[in-house]
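Quick notes on the structure that follows.
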Amino acid sequence: MGATAKPVGAAEFVPADADLDTVRAAAAGCRGCDLYRNATQTVFGEGPVDASVVMVGEQPGDQEDTQGQPFVGPAGRLLDRALDEAGFDREAVYLTNAVKHFKFAERGKRRIHKQPSRTEVVACSAWLATELELVAPDLVVCLGAVAAKALLGPSATVGELRGQVVQRPDYRITATVHPSSVLRAPDRTTAYAEFLDDLARIRAAAARD
């Protein structure tokens, strides 16, 4: 038989000239790649439609998949704490992910996160592009490498972007680690302090608008 067909991609599921609520509702029916088959639901972004800062993670995790909201699991709770300590108004930030369905492997009764492939990230990219177009933020923050590559291409790295703010045609962009990496770090105290320093710098950059 021939090679496996490439994902259709999300673009054909994105309604034209629609507001964010309409786009969010449409995303619930996305079949742009195969991740929807095992995930509980689409997890779309949340936050003010006029947010000046958008933070982009990798994909929803187990609790996000169950609850249908981004960043509500352990990494999200750590992010909430860090945003508060860094002086962000959490309710003023729009939070989303590069990929809208949870990709996992079953291990007993547990669902273990699996990193989405480049093909899956590209297949889902129309949703993220539409969110950014409709929210029109001043600053986009990539939380981790998958988000950075989704927005800047496969050669982008957090190491190069961390501490830098890059001007793009429609917004500025910067990066820090994903909060889940802080939870996995051997020295969590140091990793959290570095993450908090990043968010403080990002907060200062956002305030200069």
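Letters for chains follow the order of the structure tokens (A, B, ...), residue numbers begin at 1 for each chain, and ligand numbers begin at 1 in the order shown.
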
*Identify, on the basis of only C-alpha atoms, every residue whose closest approach to stretch 49-65 of chain A does not exceed 6 Å; exclude the query and any residue fewer than 4 positions from it along the same chain; express the result as a list in words.*
Thr40, Gln69, Pro70, Val72, Gly73, Ala92, Val93, Tyr94, Leu95, Thr96, Asn97, Ala98, Val99, Lys100, Phe102, Val135, Pro137, Asp138, Leu139, Val140, Val141, Cys142, Leu143, Val146 and Ala147 of chain A

*Taking the chain letters and numbering used in this document, name the residues of stretch 5-199 of chain A that DSSP puts in helix (DSSP H, G or I), as JSON, numbers by chain.*
{"A": [10, 11, 12, 13, 20, 21, 22, 23, 24, 25, 26, 27, 34, 35, 36, 37, 62, 63, 64, 65, 66, 67, 74, 75, 76, 77, 78, 79, 80, 81, 82, 83, 84, 85, 86, 90, 91, 92, 118, 119, 120, 121, 122, 123, 124, 125, 126, 127, 128, 129, 130, 131, 132, 133, 134, 135, 145, 146, 147, 148, 149, 150, 151, 152, 158, 159, 160, 161, 179, 180, 181, 182, 183, 184, 188, 189, 190, 191, 192, 193, 194, 195, 196, 197, 198, 199]}

*Considering only C-alpha atoms, return as a list in words whatever protein or nucleic-acid residues lie within 9 Å of A:Ala175, sequence-local ones (same chain, fewer than 6 positions apart) excluded.*
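What passes the distance filter is Val140, Val141, Cys142, Leu143, Gly144, Ala145, Ala147, Ala148, Thr157, Val158, Gly159, Glu160, Leu161, Arg162, Gly163, Gln164, Val165, Asp198 and Ile202 of chain A.
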
Residues of the last selection are to be written out with all heavy atoms, as a tab-separated table (two decimals), in the first residue's frame.
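Output (out20.tsv):
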chain	number	residue	atom	x	y	z
A	140	VAL	N	4.18	38.08	22.27
A	140	VAL	CA	3.89	36.64	22.32
A	140	VAL	C	5.04	35.95	23.03
A	140	VAL	O	6.21	36.15	22.68
A	140	VAL	CB	3.71	36.06	20.90
A	140	VAL	CG1	3.50	34.55	20.97
A	140	VAL	CG2	2.55	36.73	20.19
A	141	VAL	N	4.71	35.15	24.03
A	141	VAL	CA	5.71	34.45	24.82
A	141	VAL	C	5.61	32.96	24.53
A	141	VAL	O	4.58	32.32	24.78
A	141	VAL	CB	5.49	34.69	26.33
A	141	VAL	CG1	6.57	33.99	27.14
A	141	VAL	CG2	5.45	36.19	26.64
A	142	CYS	N	6.68	32.39	24.00
A	142	CYS	CA	6.75	30.95	23.74
A	142	CYS	C	7.18	30.24	25.02
A	142	CYS	O	8.25	30.54	25.55
A	142	CYS	CB	7.75	30.64	22.63
A	142	CYS	SG	7.38	31.42	21.05
A	143	LEU	N	6.36	29.34	25.50
A	143	LEU	CA	6.69	28.55	26.68
A	143	LEU	C	7.22	27.20	26.19
A	143	LEU	O	6.47	26.26	25.96
A	143	LEU	CB	5.46	28.36	27.56
A	143	LEU	CG	4.82	29.64	28.11
A	143	LEU	CD1	3.52	29.31	28.84
A	143	LEU	CD2	5.77	30.38	29.04
A	144	GLY	N	8.52	27.12	26.00
A	144	GLY	CA	9.14	25.88	25.56
A	144	GLY	C	9.43	25.82	24.08
A	144	GLY	O	8.99	26.66	23.29
A	145	ALA	N	10.17	24.78	23.70
A	145	ALA	CA	10.70	24.67	22.34
A	145	ALA	C	9.62	24.41	21.29
A	145	ALA	O	9.72	24.91	20.17
A	145	ALA	CB	11.74	23.55	22.28
A	147	ALA	N	6.55	25.45	21.16
A	147	ALA	CA	5.91	26.73	20.83
A	147	ALA	C	6.84	27.61	20.00
A	147	ALA	O	6.40	28.24	19.03
A	147	ALA	CB	5.49	27.44	22.11
A	148	ALA	N	8.11	27.66	20.37
A	148	ALA	CA	9.06	28.48	19.63
A	148	ALA	C	9.17	28.01	18.18
A	148	ALA	O	9.16	28.82	17.24
A	148	ALA	CB	10.43	28.45	20.30
A	157	THR	N	15.14	27.95	18.85
A	157	THR	CA	15.42	27.33	20.14
A	157	THR	C	15.10	28.31	21.26
A	157	THR	O	15.21	29.54	21.09
A	157	THR	CB	16.89	26.91	20.27
A	157	THR	OG1	17.72	28.08	20.30
A	157	THR	CG2	17.31	26.00	19.11
A	158	VAL	N	14.72	27.76	22.39
A	158	VAL	CA	14.47	28.61	23.56
A	158	VAL	C	15.77	29.26	24.01
A	158	VAL	O	15.78	30.43	24.42
A	158	VAL	CB	13.85	27.77	24.70
A	158	VAL	CG1	13.78	28.58	26.00
A	158	VAL	CG2	12.46	27.31	24.31
A	159	GLY	N	16.88	28.53	23.92
A	159	GLY	CA	18.16	29.08	24.34
A	159	GLY	C	18.52	30.37	23.63
A	159	GLY	O	19.03	31.31	24.24
A	160	GLU	N	18.23	30.43	22.33
A	160	GLU	CA	18.54	31.64	21.57
A	160	GLU	C	17.57	32.77	21.87
A	160	GLU	O	17.94	33.95	21.85
A	160	GLU	CB	18.52	31.33	20.08
A	160	GLU	CG	19.67	30.43	19.61
A	160	GLU	CD	19.56	30.08	18.14
A	160	GLU	OE1	18.52	30.38	17.54
A	160	GLU	OE2	20.53	29.50	17.62
A	161	LEU	N	16.32	32.44	22.13
A	161	LEU	CA	15.30	33.46	22.36
A	161	LEU	C	15.23	33.92	23.81
A	161	LEU	O	14.78	35.05	24.07
A	161	LEU	CB	13.93	32.90	21.97
A	161	LEU	CG	13.53	32.93	20.50
A	161	LEU	CD1	12.23	32.18	20.30
A	161	LEU	CD2	13.38	34.37	20.01
A	162	ARG	N	15.65	33.10	24.71
A	162	ARG	CA	15.51	33.42	26.14
A	162	ARG	C	16.26	34.70	26.46
A	162	ARG	O	17.44	34.83	26.18
A	162	ARG	CB	16.04	32.25	26.98
A	162	ARG	CG	15.49	32.21	28.39
A	162	ARG	CD	15.89	30.92	29.08
A	162	ARG	NE	15.24	30.81	30.38
A	162	ARG	CZ	15.38	29.79	31.20
A	162	ARG	NH1	16.13	28.74	30.83
A	162	ARG	NH2	14.76	29.76	32.38
A	163	GLY	N	15.56	35.65	27.02
A	163	GLY	CA	16.17	36.94	27.34
A	163	GLY	C	16.18	37.92	26.19
A	163	GLY	O	16.60	39.07	26.36
A	164	GLN	N	15.72	37.50	25.01
A	164	GLN	CA	15.67	38.37	23.84
A	164	GLN	C	14.22	38.67	23.48
A	164	GLN	O	13.32	37.87	23.77
A	164	GLN	CB	16.35	37.69	22.63
A	164	GLN	CG	17.76	37.20	22.90
A	164	GLN	CD	18.72	38.34	23.19
A	164	GLN	OE1	18.67	39.39	22.55
A	164	GLN	NE2	19.57	38.14	24.19
A	165	VAL	N	14.00	39.80	22.86
A	165	VAL	CA	12.68	40.14	22.32
A	165	VAL	C	12.87	40.44	20.83
A	165	VAL	O	13.64	41.34	20.47
A	165	VAL	CB	12.05	41.34	23.03
A	165	VAL	CG1	10.71	41.69	22.41
A	165	VAL	CG2	11.88	41.05	24.52
A	198	ASP	N	12.87	35.17	34.19
A	198	ASP	CA	12.43	35.35	32.81
A	198	ASP	C	11.10	36.09	32.76
A	198	ASP	O	10.92	37.04	31.99
A	198	ASP	CB	12.25	33.99	32.12
A	198	ASP	CG	13.56	33.36	31.69
A	198	ASP	OD1	14.60	34.02	31.78
A	198	ASP	OD2	13.52	32.19	31.27
A	202	ILE	N	10.07	39.62	31.08
A	202	ILE	CA	8.98	39.67	30.10
A	202	ILE	C	7.93	40.69	30.54
A	202	ILE	O	7.40	41.45	29.73
A	202	ILE	CB	8.37	38.27	29.92
A	202	ILE	CG1	9.38	37.36	29.21
A	202	ILE	CG2	7.06	38.34	29.14
A	202	ILE	CD1	9.04	35.88	29.28

*Looking at A:Thr66, A:Asp89, A:Glu194, A:Arg31, which one is nearest to A:Ala207, with distances taken over only C-alpha atoms?*
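The shortest atom-to-atom distance to A:Ala207 comes from A:Asp89.
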
_I'd like the contact shell of A:Arg24 - 10 Å cut-off, only C-alpha atoms, skipping same-chain residues fewer than 3 positions apart - returned as a PyMOL selection string._
chain A and resi 14-15+18-21+27-29+42-46+127+131

*asked:* Can you pull out the residues contacting A:Phe88? Cut-off 10 Å, using only C-alpha atoms, and skip same-chain residues under 2 positions away; I want them as an NGL selection string.
replied: :A and (53 or 80-86 or 90-93 or 199-200 or 202-204 or 206)

*Which residue, A:Ile173, A:Ala123, A:Ala25, A:Ala75, has the smallest gap to A:Tyr192 when you use only C-alpha atoms?*
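Looking at the shortest contact to A:Tyr192, the residue is A:Ala75.
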
*Which of stretch 37-140 of chain A counts as strand (DSSP E or B) under DSSP, as a list of chain:residue names please?*
A:Glu46, A:Val53, A:Val54, A:Met55, A:Val56, A:Gly57, A:Val93, A:Tyr94, A:Leu95, A:Thr96, A:Asn97, A:Phe104, A:Ala105, A:Glu106, A:Arg107, A:Arg110, A:Arg111, A:Ile112, A:His113, A:Leu139, A:Val140
